[in-house]
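Shown next, in structure tokens, is the structure this report addresses.
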Amino acid sequence: MAKLTYIYDRTCQYTGCGKELFGRSDKKYCNDACRNRANSKNRRKESWGEEKHIYEITRDLRRNRSIMKSTGAFLDQTKVVTRGWMLDRGYNFDYYTNILHTKKGDYFFCYEFGHMELENGKILVVMTDRYLEINIRAHDNPPNP
Ligand SMILES: [Zn+2]
């Protein structure tokens with residue numbers, strides 16, 4: 001029994017191998033091939049995690065935008081909803097694309113739609129055409145020097 005314990009004590013850290021290790025006690029892989037395979041597997045895992053993170057934030061920003069859009073807010077027409085109403089629809093208050101500071105308070109925007117917290121859990125939803133203006137200006141003829 002003691003011998004079996006010894007055998008399973010130290011094995012190659014590459015999950016696809018698991019061979020018994022001999023030699024230095026800090027050795028993690030049985031050979032270079034296993035080390036390389038294990039390292040590239042870890043790198044793939046990391047880059048996938050990064051992609052997932054970006055994907056999830058983008059998805060939340062898009063969802064936030066469509067929730068605010070669904071209130072019917074449009075340019076000079078603002079809407080008032082509750083924080084609970086937004087949370088019920090899956091609004092993620094952690095993510096926004098930019099903040100507009102005003103004397104009345106801060107607007108948190110997701111693209112062209114933004115919201116400001118009012119009292120009693122009420123939320124003001126607004127839409128800006130600033131993004132449209134930026135877009136039009138970018139496509140205008142360049143000014144004469
Ligand atoms: Zn190995």
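Please note that chains go A, B, ... in the order of the structure tokens, that every chain numbers its residues from 1, and that ligands are numbered from 1 in the order shown.
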
Practice item. Show me which residues sit within 9 Å of ligand 1 when counting only C-alpha atoms and all ligand atoms, and put them as a list in words. Key: Thr11, Cys12, Gln13, Tyr14, Thr15, Gly16, Cys17, Gly18, Lys19, Glu20, Leu21, Lys28, Tyr29, Cys30, Asn31, Asp32, Ala33, Cys34 and Arg35 of chain A

Just-selected residues, N, CA and C atoms written as a compact mmCIF listing (two decimals), in the first residue's frame:
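again_29.txt, written as the output of this step:
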```
# COMPACT_ATOMS: atom_id res chain seq x y z
N THR A 11 3.12 12.97 -10.23
CA THR A 11 2.87 12.62 -11.63
C THR A 11 2.95 13.88 -12.48
N CYS A 12 3.14 13.68 -13.77
CA CYS A 12 3.23 14.77 -14.72
C CYS A 12 1.97 15.66 -14.60
N GLN A 13 2.20 16.99 -14.55
CA GLN A 13 1.10 17.94 -14.33
C GLN A 13 0.23 18.15 -15.58
N TYR A 14 0.73 17.69 -16.73
CA TYR A 14 -0.09 17.78 -17.94
C TYR A 14 -1.20 16.73 -17.82
N THR A 15 -2.45 17.20 -17.84
CA THR A 15 -3.58 16.31 -17.52
C THR A 15 -3.71 15.16 -18.51
N GLY A 16 -3.24 15.37 -19.74
CA GLY A 16 -3.36 14.32 -20.73
C GLY A 16 -2.32 13.23 -20.58
N CYS A 17 -1.39 13.41 -19.63
CA CYS A 17 -0.29 12.45 -19.49
C CYS A 17 -0.38 11.71 -18.16
N GLY A 18 0.01 12.38 -17.07
CA GLY A 18 -0.11 11.78 -15.74
C GLY A 18 0.90 10.70 -15.43
N LYS A 19 1.98 10.68 -16.19
CA LYS A 19 3.05 9.69 -15.93
C LYS A 19 3.76 9.99 -14.63
N GLU A 20 4.33 8.95 -14.04
CA GLU A 20 5.08 9.10 -12.80
C GLU A 20 6.34 9.92 -13.05
N LEU A 21 6.67 10.80 -12.11
CA LEU A 21 7.85 11.65 -12.26
C LEU A 21 9.02 11.12 -11.46
N LYS A 28 7.78 19.45 -12.78
CA LYS A 28 6.32 19.41 -12.91
C LYS A 28 5.86 18.54 -14.08
N TYR A 29 6.71 18.43 -15.11
CA TYR A 29 6.32 17.66 -16.29
C TYR A 29 7.37 16.60 -16.59
N CYS A 30 6.96 15.51 -17.21
CA CYS A 30 7.89 14.42 -17.47
C CYS A 30 8.86 14.76 -18.60
N ASN A 31 8.43 15.62 -19.55
CA ASN A 31 9.36 16.04 -20.61
C ASN A 31 8.92 17.38 -21.21
N ASP A 32 9.70 17.89 -22.16
CA ASP A 32 9.42 19.20 -22.75
C ASP A 32 8.09 19.21 -23.51
N ALA A 33 7.80 18.09 -24.16
CA ALA A 33 6.55 18.02 -24.93
C ALA A 33 5.34 18.25 -24.02
N CYS A 34 5.35 17.61 -22.85
CA CYS A 34 4.24 17.77 -21.91
C CYS A 34 4.19 19.20 -21.37
N ARG A 35 5.36 19.81 -21.09
CA ARG A 35 5.38 21.18 -20.58
C ARG A 35 4.79 22.13 -21.63
```

Counting only C-alpha atoms, which residues of stretch 31-84 of chain A sit at most 12 Å from some atom of stretch 114-122 of chain A, and what is each one's closest atom pair with its distance in Å to one decimal, listed by chain and rising residue number, as JSON lines?
```
{"residue": "A:Leu61", "atom": "CA", "partner": "A:Gly114", "partner_atom": "CA", "distance": 11.4}
{"residue": "A:Asn64", "atom": "CA", "partner": "A:Gly114", "partner_atom": "CA", "distance": 9.3}
{"residue": "A:Arg65", "atom": "CA", "partner": "A:Gly114", "partner_atom": "CA", "distance": 8.1}
{"residue": "A:Ser66", "atom": "CA", "partner": "A:Gly114", "partner_atom": "CA", "distance": 11.0}
{"residue": "A:Ile67", "atom": "CA", "partner": "A:Gly114", "partner_atom": "CA", "distance": 10.6}
{"residue": "A:Met68", "atom": "CA", "partner": "A:Gly114", "partner_atom": "CA", "distance": 7.4}
{"residue": "A:Lys69", "atom": "CA", "partner": "A:Gly114", "partner_atom": "CA", "distance": 9.4}
{"residue": "A:Thr71", "atom": "CA", "partner": "A:His115", "partner_atom": "CA", "distance": 11.1}
{"residue": "A:Ala73", "atom": "CA", "partner": "A:Gly114", "partner_atom": "CA", "distance": 9.6}
{"residue": "A:Phe74", "atom": "CA", "partner": "A:Gly114", "partner_atom": "CA", "distance": 10.8}
{"residue": "A:Leu75", "atom": "CA", "partner": "A:Gly114", "partner_atom": "CA", "distance": 10.9}
{"residue": "A:Thr78", "atom": "CA", "partner": "A:His115", "partner_atom": "CA", "distance": 9.6}
{"residue": "A:Lys79", "atom": "CA", "partner": "A:His115", "partner_atom": "CA", "distance": 9.4}
{"residue": "A:Val80", "atom": "CA", "partner": "A:Lys122", "partner_atom": "CA", "distance": 6.6}
{"residue": "A:Val81", "atom": "CA", "partner": "A:Lys122", "partner_atom": "CA", "distance": 5.8}
{"residue": "A:Thr82", "atom": "CA", "partner": "A:Lys122", "partner_atom": "CA", "distance": 4.4}
{"residue": "A:Arg83", "atom": "CA", "partner": "A:Gly121", "partner_atom": "CA", "distance": 5.5}
{"residue": "A:Gly84", "atom": "CA", "partner": "A:Gly121", "partner_atom": "CA", "distance": 7.7}
```

Which residues are close to stretch 57-60 of chain A, i.e. within 12 Å by only C-alpha atoms, leaving aside same-chain residues fewer than 2 positions away? Reply as a PDB file with N, CA and C atoms, in the first residue's frame.
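Output (result-v9.pdb):
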```pdb
ATOM      1  N   GLU A  50     -10.575  36.127 -21.544  1.00  0.00           N
ATOM      2  CA  GLU A  50     -10.566  37.536 -21.918  1.00  0.00           C
ATOM      3  C   GLU A  50     -11.694  37.835 -22.900  1.00  0.00           C
ATOM      4  N   GLU A  51     -11.790  37.020 -23.934  1.00  0.00           N
ATOM      5  CA  GLU A  51     -12.845  37.181 -24.939  1.00  0.00           C
ATOM      6  C   GLU A  51     -14.225  37.139 -24.300  1.00  0.00           C
ATOM      7  N   LYS A  52     -14.390  36.210 -23.361  1.00  0.00           N
ATOM      8  CA  LYS A  52     -15.671  36.031 -22.688  1.00  0.00           C
ATOM      9  C   LYS A  52     -16.014  37.293 -21.922  1.00  0.00           C
ATOM     10  N   HIS A  53     -15.009  37.854 -21.267  1.00  0.00           N
ATOM     11  CA  HIS A  53     -15.204  39.059 -20.464  1.00  0.00           C
ATOM     12  C   HIS A  53     -15.682  40.212 -21.352  1.00  0.00           C
ATOM     13  N   ILE A  54     -15.002  40.402 -22.467  1.00  0.00           N
ATOM     14  CA  ILE A  54     -15.368  41.477 -23.397  1.00  0.00           C
ATOM     15  C   ILE A  54     -16.756  41.226 -23.966  1.00  0.00           C
ATOM     16  N   TYR A  55     -17.030  39.990 -24.311  1.00  0.00           N
ATOM     17  CA  TYR A  55     -18.331  39.628 -24.866  1.00  0.00           C
ATOM     18  C   TYR A  55     -19.450  39.947 -23.876  1.00  0.00           C
ATOM     19  N   ARG A  62     -25.308  46.549 -24.523  1.00  0.00           N
ATOM     20  CA  ARG A  62     -26.364  46.510 -25.537  1.00  0.00           C
ATOM     21  C   ARG A  62     -27.723  46.294 -24.886  1.00  0.00           C
ATOM     22  N   ARG A  63     -27.763  45.408 -23.881  1.00  0.00           N
ATOM     23  CA  ARG A  63     -29.020  45.148 -23.194  1.00  0.00           C
ATOM     24  C   ARG A  63     -29.482  46.415 -22.455  1.00  0.00           C
ATOM     25  N   ASN A  64     -28.544  47.071 -21.766  1.00  0.00           N
ATOM     26  CA  ASN A  64     -28.878  48.317 -21.071  1.00  0.00           C
ATOM     27  C   ASN A  64     -29.486  49.324 -22.043  1.00  0.00           C
ATOM     28  N   ARG A  65     -28.854  49.453 -23.205  1.00  0.00           N
ATOM     29  CA  ARG A  65     -29.329  50.406 -24.206  1.00  0.00           C
ATOM     30  C   ARG A  65     -30.748  50.055 -24.639  1.00  0.00           C
ATOM     31  N   SER A  66     -30.996  48.777 -24.927  1.00  0.00           N
ATOM     32  CA  SER A  66     -32.327  48.424 -25.432  1.00  0.00           C
ATOM     33  C   SER A  66     -33.389  48.534 -24.337  1.00  0.00           C
ATOM     34  N   ILE A  67     -33.008  48.329 -23.074  1.00  0.00           N
ATOM     35  CA  ILE A  67     -33.969  48.515 -21.981  1.00  0.00           C
ATOM     36  C   ILE A  67     -34.372  49.993 -21.909  1.00  0.00           C
ATOM     37  N   ARG A  89     -35.725  43.807 -15.895  1.00  0.00           N
ATOM     38  CA  ARG A  89     -35.414  43.551 -17.301  1.00  0.00           C
ATOM     39  C   ARG A  89     -33.950  43.197 -17.528  1.00  0.00           C
ATOM     40  N   GLY A  90     -33.193  43.108 -16.438  1.00  0.00           N
ATOM     41  CA  GLY A  90     -31.801  42.686 -16.551  1.00  0.00           C
ATOM     42  C   GLY A  90     -30.806  43.823 -16.714  1.00  0.00           C
ATOM     43  N   TYR A  91     -31.205  45.026 -16.301  1.00  0.00           N
ATOM     44  CA  TYR A  91     -30.290  46.162 -16.412  1.00  0.00           C
ATOM     45  C   TYR A  91     -29.082  45.958 -15.512  1.00  0.00           C
ATOM     46  N   ASN A  92     -27.888  46.221 -16.042  1.00  0.00           N
ATOM     47  CA  ASN A  92     -26.654  46.113 -15.260  1.00  0.00           C
ATOM     48  C   ASN A  92     -26.116  47.519 -14.999  1.00  0.00           C
ATOM     49  N   PHE A  93     -26.308  47.992 -13.765  1.00  0.00           N
ATOM     50  CA  PHE A  93     -25.899  49.358 -13.421  1.00  0.00           C
ATOM     51  C   PHE A  93     -24.385  49.533 -13.323  1.00  0.00           C
ATOM     52  N   ASP A  94     -23.630  48.446 -13.408  1.00  0.00           N
ATOM     53  CA  ASP A  94     -22.167  48.542 -13.323  1.00  0.00           C
ATOM     54  C   ASP A  94     -21.534  49.057 -14.610  1.00  0.00           C
ATOM     55  N   TYR A  95     -22.245  48.890 -15.731  1.00  0.00           N
ATOM     56  CA  TYR A  95     -21.632  49.229 -17.016  1.00  0.00           C
ATOM     57  C   TYR A  95     -22.336  50.380 -17.724  1.00  0.00           C
ATOM     58  N   TYR A  96     -21.538  51.286 -18.271  1.00  0.00           N
ATOM     59  CA  TYR A  96     -22.047  52.414 -19.061  1.00  0.00           C
ATOM     60  C   TYR A  96     -20.919  52.863 -19.968  1.00  0.00           C
ATOM     61  N   THR A  97     -21.266  53.604 -21.007  1.00  0.00           N
ATOM     62  CA  THR A  97     -20.221  54.017 -21.951  1.00  0.00           C
ATOM     63  C   THR A  97     -19.631  55.379 -21.592  1.00  0.00           C
ATOM     64  N   CYS A 110     -25.474  54.568 -21.965  1.00  0.00           N
ATOM     65  CA  CYS A 110     -25.070  53.403 -22.737  1.00  0.00           C
ATOM     66  C   CYS A 110     -25.377  53.787 -24.172  1.00  0.00           C
ATOM     67  N   TYR A 111     -24.361  54.183 -24.885  1.00  0.00           N
ATOM     68  CA  TYR A 111     -24.510  54.729 -26.229  1.00  0.00           C
ATOM     69  C   TYR A 111     -25.363  55.991 -26.173  1.00  0.00           C
TER      70      TYR A 111
END
```

Review point. What does the distance between atom CA of A:Phe22 and atom CA of A:Arg44 come to in Å, to one decimal place?
Key: 28.4 Å

Practice item. Within chain A, find each residue whose DSSP state, derived from the backbone, is strand (DSSP E), and express the selection as an MDAnalysis selection string. Key: chainID A and resid 79:82 98:101 106:110 113:117 122:127
